[in-house]
file query_21.cif (mmCIF, C-alpha atoms)
data_final
loop_
_atom_site.label_atom_id
_atom_site.label_comp_id
_atom_site.auth_asym_id
_atom_site.auth_seq_id
_atom_site.Cartn_x
_atom_site.Cartn_y
_atom_site.Cartn_z
CA MET F 1 10.10 0.17 -36.41
CA SER F 2 9.06 1.74 -33.14
CA ARG F 3 8.57 -0.18 -29.93
CA LYS F 4 5.83 0.75 -27.52
CA LYS F 5 6.91 1.21 -23.96
CA ARG F 6 4.67 0.01 -21.18
CA PRO F 7 3.66 2.73 -18.73
CA GLN F 8 5.93 2.90 -15.71
CA PRO F 9 4.69 3.76 -12.22
CA ARG F 10 6.55 6.89 -11.21
CA THR F 11 6.63 9.22 -8.30
CA ARG F 12 6.76 12.98 -8.66
CA THR F 13 10.25 13.16 -7.23
CA ARG F 14 12.80 10.40 -7.14
CA LEU F 15 12.95 8.60 -3.85
CA ARG F 16 16.24 8.45 -1.98
CA CYS F 17 17.54 6.11 0.68
CA HIS F 18 16.92 7.63 4.10
CA ARG F 19 20.37 6.62 5.36
CA CYS F 20 22.87 6.95 2.50
CA GLY F 21 20.93 9.19 0.09
CA CYS F 22 21.34 7.04 -3.03
CA TYR F 23 18.47 7.22 -5.52
CA ALA F 24 15.87 4.49 -5.78
CA PRO F 25 15.22 3.02 -9.24
CA ARG F 26 12.77 5.11 -11.27
CA ASP F 27 10.59 2.06 -11.95
CA LEU F 28 9.57 0.80 -8.52
CA THR F 29 8.20 -2.41 -10.03
CA SER F 30 11.53 -3.34 -11.63
CA LYS F 31 13.93 -6.10 -10.59
CA ALA F 32 16.38 -3.37 -9.43
CA ALA F 33 13.81 -2.07 -6.91
CA GLU F 34 12.92 -5.51 -5.60
CA ASN F 35 15.04 -5.37 -2.41
CA TRP F 36 14.35 -1.77 -1.46
CA ASN F 37 12.37 -1.46 1.76
CA GLY F 38 9.83 1.16 2.81
CA LYS F 39 8.00 2.01 6.00
CA TRP F 40 4.39 3.20 5.85
CA GLU F 41 2.71 5.18 8.62
CA SER F 42 -0.85 6.45 8.43
CA GLY F 43 -0.98 5.85 4.71
CA HIS F 44 2.24 7.71 3.92
CA LEU F 45 5.67 6.41 2.94
CA THR F 46 7.84 7.79 5.74
CA LEU F 47 11.10 5.93 5.16
CA ILE F 48 12.80 4.14 2.28
CA LEU F 49 16.00 2.12 2.52
CA CYS F 50 18.32 0.71 -0.12
CA PRO F 51 19.36 -2.94 0.23
CA LEU F 52 22.82 -2.05 1.60
CA CYS F 53 21.45 0.17 4.40
CA GLN F 54 18.86 -2.25 5.77
CA THR F 55 19.56 -3.99 9.04
CA PRO F 56 18.96 -7.74 9.24
CA LEU F 57 15.90 -7.03 11.42
CA GLU F 58 14.42 -4.60 8.84
CA ASN F 59 15.06 -7.09 6.06
CA ALA F 60 13.40 -9.90 8.05
CA ALA F 61 10.36 -7.68 8.77
CA ALA F 62 9.99 -6.94 5.04
CA GLU F 63 10.18 -10.65 4.21
CA ALA F 64 7.52 -11.39 6.85
CA ASN F 65 5.25 -8.69 5.37
CA ASP F 66 5.72 -10.15 1.88
CA ALA F 67 4.83 -13.62 3.17
CA GLU F 68 1.71 -12.28 4.91
CA LEU F 69 0.57 -10.56 1.69
CA ALA F 70 1.20 -13.70 -0.37
CA ALA F 71 -0.79 -15.87 2.08
CA ALA F 72 -3.69 -13.43 2.15
CA ARG F 73 -3.80 -13.28 -1.67
CA ALA F 74 -3.74 -17.09 -1.80
CA ASP F 75 -6.85 -17.07 0.45
CA GLY F 76 -8.65 -14.89 -2.10
CA GLY F 77 -7.92 -11.51 -0.55
CA LYS F 78 -7.35 -8.37 -2.57
CA PHE F 79 -4.84 -5.83 -1.20
CA LEU F 80 -5.83 -2.17 -1.14
CA ALA F 81 -3.07 0.29 -0.23
CA ASP F 82 -3.63 3.04 2.31
CA PRO F 83 -5.07 5.56 2.53
CA VAL F 84 -8.35 3.87 1.67
CA LEU F 85 -11.83 3.98 3.17
CA CYS F 86 -13.90 0.82 2.70
CA ILE F 87 -17.66 1.18 3.19
CA THR F 88 -20.77 -0.84 2.46
CA GLY F 89 -23.90 0.53 0.91
CA THR F 90 -24.27 3.62 -1.25
CA LEU F 91 -23.85 7.35 -0.80
CA GLU F 92 -27.57 7.61 0.01
CA ASP F 93 -27.46 4.68 2.46
CA PRO F 94 -23.80 4.43 3.54
CA GLY F 95 -24.06 1.24 5.58
CA ALA F 96 -20.94 0.58 7.68
CA VAL F 97 -17.29 1.60 7.64
CA LEU F 98 -15.36 -1.65 7.24
CA TYR F 99 -11.91 -0.07 7.24
CA GLY F 100 -10.43 3.42 7.49
CA ARG F 101 -11.96 4.95 10.61
CA ASP F 102 -8.56 6.43 11.51
CA HIS F 103 -8.46 8.09 8.07
CA LEU F 104 -11.89 9.61 8.74
CA GLN F 105 -10.67 10.97 12.09
CA ARG F 106 -7.65 12.60 10.40
CA ILE F 107 -9.94 14.14 7.77
CA SER F 108 -12.30 15.54 10.41
CA THR F 109 -9.36 16.94 12.39
CA ALA F 110 -7.24 18.30 9.53
CA GLY F 111 -9.98 18.98 6.99
CA LYS F 112 -7.93 17.33 4.22
CA ALA F 113 -8.53 14.01 2.46
CA GLU F 114 -4.98 13.65 0.97
CA ASN F 115 -5.44 11.07 -1.79
CA LEU F 116 -7.95 8.99 0.19
CA ALA F 117 -9.59 6.32 -1.98
CA LEU F 118 -13.22 5.42 -1.32
CA VAL F 119 -14.26 1.83 -2.05
CA GLN F 120 -17.88 0.73 -1.83
CA LEU F 121 -18.25 -2.98 -1.07
CA PRO F 122 -21.09 -5.51 -0.61
CA ALA F 123 -22.55 -5.81 2.89
CA ASP F 124 -20.97 -9.20 3.70
CA THR F 125 -17.42 -8.13 2.78
CA ARG F 126 -14.69 -8.88 5.30
CA CYS F 127 -11.72 -6.48 5.66
CA GLU F 128 -8.54 -7.17 7.61
CA PRO F 129 -5.84 -4.56 8.25
CA ILE F 130 -2.40 -5.51 6.95
CA VAL F 131 0.88 -3.63 6.71
CA GLY F 132 0.39 -0.72 4.31
CA GLY F 133 -3.35 -1.16 3.80
CA VAL F 134 -6.17 -3.69 4.01
CA MET F 135 -7.01 -7.12 2.60
CA VAL F 136 -10.56 -7.30 1.24
CA TYR F 137 -12.40 -10.63 1.11
CA LEU F 138 -15.60 -10.39 -0.92
CA PRO F 139 -18.71 -12.40 0.06
CA GLY F 140 -18.56 -16.09 -0.79
CA GLN F 141 -14.81 -16.36 -0.25
CA PRO F 142 -13.57 -18.73 2.45
CA ALA F 143 -12.53 -17.27 5.79
CA ALA F 144 -8.84 -17.27 6.61
CA PRO F 145 -7.82 -20.04 9.05
#
call {"tool": "encode", "arguments": {"input": "query_21.cif", "output": "structure tokens"}}
result
Amino acid sequence: MSRKKRPQPRTRTRLRCHRCGCYAPRDLTSKAAENWNGKWESGHLTLILCPLCQTPLENAAAEANDAELAAARADGGKFLADPVLCITGTLEDPGAVLYGRDHLQRISTAGKAENLALVQLPADTRCEPIVGGVMVYLPGQPAAP
């Protein structure tokens, strides 16, 4: 009897702690990876720390980020990870850029899109930047207090 394995999110190379060099768990959604901490800058993971190498301040910042994400999801928001470009309209009539203007500037300067996701949204969508990406609130959802 064979058992099917669920697909595991993987990176091309195994991540290592920036300070001590130990390897991160292969499955970044696993219980073992739960307390690892990462720092995102301009849509890229620039630093990853194992639980033993994190300072109390870094750990507290990660907990605050988790709480902010949980509150935004409870208000009906959907998290989209950077790099993402959120626009209204269509390709023929693009409408407005709701989020990702800095990504557009990097593309125009460097000439590279680097895994940029394009998301087309209804005109009355509200987007709010959050650590690591953006929270999207579709029309008809209540505004955050």
call {"tool": "resolve_selection", "arguments": {"input": "query_21.cif", "expression": "the PyMOL selection byres ((chain F and resi 116-129) around 12)", "output": "NGL selection string"}}
result
:F and (42-44 or 68-69 or 72 or 76-91 or 93-104 or 106-107 or 112-115 or 130-144)
call {"tool": "resolve_selection", "arguments": {"input": "query_21.cif", "expression": "the PyMOL selection byres ((chain F and resi 49) around 10)", "output": "list in words"}}
result
Leu15, Arg16, Cys17, His18, Arg19, Cys20, Gly21, Cys22, Tyr23, Ala24, Asn35, Trp36, Asn37, Gly38, Lys39, Leu47, Ile48, Cys50, Pro51, Leu52, Cys53, Gln54, Thr55, Glu58 and Asn59 of chain F
call {"tool": "atom_distance", "arguments": {"input": "query_21.cif", "atom1": "CA of Glu34 in chain F", "atom2": "CA of Ala62 in chain F"}}
result
11.1 Å
call {"tool": "atom_distance", "arguments": {"input": "query_21.cif", "atom1": "CA of Pro56 in chain F", "atom2": "CA of Pro25 in chain F"}}
result
21.7 Å
call {"tool": "atom_distance", "arguments": {"input": "query_21.cif", "atom1": "CA of Thr13 in chain F", "atom2": "CA of Gly111 in chain F"}}
result
25.4 Å
call {"tool": "decode", "arguments": {"input": "query_21.cif", "residues": "range 13-32 of chain F", "atoms": "N, CA, C and O atoms", "output": "PDB file, in the first residue's frame"}}
result
ATOM      1  N   THR F  13      17.784  26.067  -3.138  1.00  0.00           N
ATOM      2  CA  THR F  13      18.872  25.668  -2.262  1.00  0.00           C
ATOM      3  C   THR F  13      18.364  25.738  -0.833  1.00  0.00           C
ATOM      4  O   THR F  13      17.462  26.511  -0.537  1.00  0.00           O
ATOM      5  N   ARG F  14      18.947  24.940   0.013  1.00  0.00           N
ATOM      6  CA  ARG F  14      18.520  24.973   1.415  1.00  0.00           C
ATOM      7  C   ARG F  14      18.985  26.243   2.072  1.00  0.00           C
ATOM      8  O   ARG F  14      20.131  26.657   1.924  1.00  0.00           O
ATOM      9  N   LEU F  15      18.079  26.845   2.812  1.00  0.00           N
ATOM     10  CA  LEU F  15      18.407  28.073   3.524  1.00  0.00           C
ATOM     11  C   LEU F  15      19.245  27.749   4.753  1.00  0.00           C
ATOM     12  O   LEU F  15      19.077  26.701   5.373  1.00  0.00           O
ATOM     13  N   ARG F  16      20.116  28.676   5.108  1.00  0.00           N
ATOM     14  CA  ARG F  16      20.960  28.515   6.290  1.00  0.00           C
ATOM     15  C   ARG F  16      20.845  29.746   7.171  1.00  0.00           C
ATOM     16  O   ARG F  16      20.657  30.857   6.681  1.00  0.00           O
ATOM     17  N   CYS F  17      20.975  29.532   8.464  1.00  0.00           N
ATOM     18  CA  CYS F  17      20.964  30.636   9.417  1.00  0.00           C
ATOM     19  C   CYS F  17      22.107  31.589   9.082  1.00  0.00           C
ATOM     20  O   CYS F  17      23.243  31.164   8.854  1.00  0.00           O
ATOM     21  N   HIS F  18      21.791  32.872   9.054  1.00  0.00           N
ATOM     22  CA  HIS F  18      22.778  33.898   8.714  1.00  0.00           C
ATOM     23  C   HIS F  18      23.904  33.989   9.755  1.00  0.00           C
ATOM     24  O   HIS F  18      25.013  34.357   9.422  1.00  0.00           O
ATOM     25  N   ARG F  19      23.621  33.628  10.992  1.00  0.00           N
ATOM     26  CA  ARG F  19      24.612  33.775  12.058  1.00  0.00           C
ATOM     27  C   ARG F  19      25.413  32.507  12.333  1.00  0.00           C
ATOM     28  O   ARG F  19      26.631  32.543  12.407  1.00  0.00           O
ATOM     29  N   CYS F  20      24.730  31.373  12.494  1.00  0.00           N
ATOM     30  CA  CYS F  20      25.468  30.149  12.867  1.00  0.00           C
ATOM     31  C   CYS F  20      25.661  29.179  11.705  1.00  0.00           C
ATOM     32  O   CYS F  20      26.468  28.265  11.789  1.00  0.00           O
ATOM     33  N   GLY F  21      24.907  29.365  10.620  1.00  0.00           N
ATOM     34  CA  GLY F  21      25.070  28.526   9.442  1.00  0.00           C
ATOM     35  C   GLY F  21      24.304  27.212   9.445  1.00  0.00           C
ATOM     36  O   GLY F  21      24.394  26.448   8.490  1.00  0.00           O
ATOM     37  N   CYS F  22      23.517  26.936  10.488  1.00  0.00           N
ATOM     38  CA  CYS F  22      22.773  25.675  10.492  1.00  0.00           C
ATOM     39  C   CYS F  22      21.657  25.737   9.437  1.00  0.00           C
ATOM     40  O   CYS F  22      21.177  26.805   9.087  1.00  0.00           O
ATOM     41  N   TYR F  23      21.307  24.575   8.919  1.00  0.00           N
ATOM     42  CA  TYR F  23      20.309  24.497   7.854  1.00  0.00           C
ATOM     43  C   TYR F  23      18.894  24.657   8.389  1.00  0.00           C
ATOM     44  O   TYR F  23      18.551  24.119   9.430  1.00  0.00           O
ATOM     45  N   ALA F  24      18.084  25.364   7.624  1.00  0.00           N
ATOM     46  CA  ALA F  24      16.658  25.493   7.928  1.00  0.00           C
ATOM     47  C   ALA F  24      15.964  24.193   7.530  1.00  0.00           C
ATOM     48  O   ALA F  24      16.456  23.468   6.663  1.00  0.00           O
ATOM     49  N   PRO F  25      14.841  23.882   8.133  1.00  0.00           N
ATOM     50  CA  PRO F  25      14.087  22.693   7.719  1.00  0.00           C
ATOM     51  C   PRO F  25      13.734  22.788   6.232  1.00  0.00           C
ATOM     52  O   PRO F  25      13.483  23.875   5.714  1.00  0.00           O
ATOM     53  N   ARG F  26      13.718  21.635   5.568  1.00  0.00           N
ATOM     54  CA  ARG F  26      13.383  21.620   4.130  1.00  0.00           C
ATOM     55  C   ARG F  26      11.953  22.096   3.892  1.00  0.00           C
ATOM     56  O   ARG F  26      11.678  22.805   2.942  1.00  0.00           O
ATOM     57  N   ASP F  27      11.041  21.688   4.744  1.00  0.00           N
ATOM     58  CA  ASP F  27       9.638  22.089   4.621  1.00  0.00           C
ATOM     59  C   ASP F  27       9.428  23.325   5.496  1.00  0.00           C
ATOM     60  O   ASP F  27       9.341  23.234   6.717  1.00  0.00           O
ATOM     61  N   LEU F  28       9.337  24.482   4.848  1.00  0.00           N
ATOM     62  CA  LEU F  28       9.227  25.741   5.592  1.00  0.00           C
ATOM     63  C   LEU F  28       7.847  25.968   6.199  1.00  0.00           C
ATOM     64  O   LEU F  28       7.641  26.946   6.911  1.00  0.00           O
ATOM     65  N   THR F  29       6.910  25.053   5.932  1.00  0.00           N
ATOM     66  CA  THR F  29       5.592  25.141   6.554  1.00  0.00           C
ATOM     67  C   THR F  29       5.468  24.171   7.735  1.00  0.00           C
ATOM     68  O   THR F  29       4.416  24.093   8.354  1.00  0.00           O
ATOM     69  N   SER F  30       6.524  23.456   8.041  1.00  0.00           N
ATOM     70  CA  SER F  30       6.481  22.445   9.096  1.00  0.00           C
ATOM     71  C   SER F  30       6.565  23.062  10.486  1.00  0.00           C
ATOM     72  O   SER F  30       6.926  24.232  10.655  1.00  0.00           O
ATOM     73  N   LYS F  31       6.240  22.264  11.488  1.00  0.00           N
ATOM     74  CA  LYS F  31       6.345  22.679  12.891  1.00  0.00           C
ATOM     75  C   LYS F  31       7.796  23.043  13.227  1.00  0.00           C
ATOM     76  O   LYS F  31       8.048  23.985  13.980  1.00  0.00           O
ATOM     77  N   ALA F  32       8.769  22.321  12.652  1.00  0.00           N
ATOM     78  CA  ALA F  32      10.186  22.574  12.918  1.00  0.00           C
ATOM     79  C   ALA F  32      10.630  23.949  12.420  1.00  0.00           C
ATOM     80  O   ALA F  32      11.561  24.538  12.968  1.00  0.00           O
TER      81      ALA F  32
END
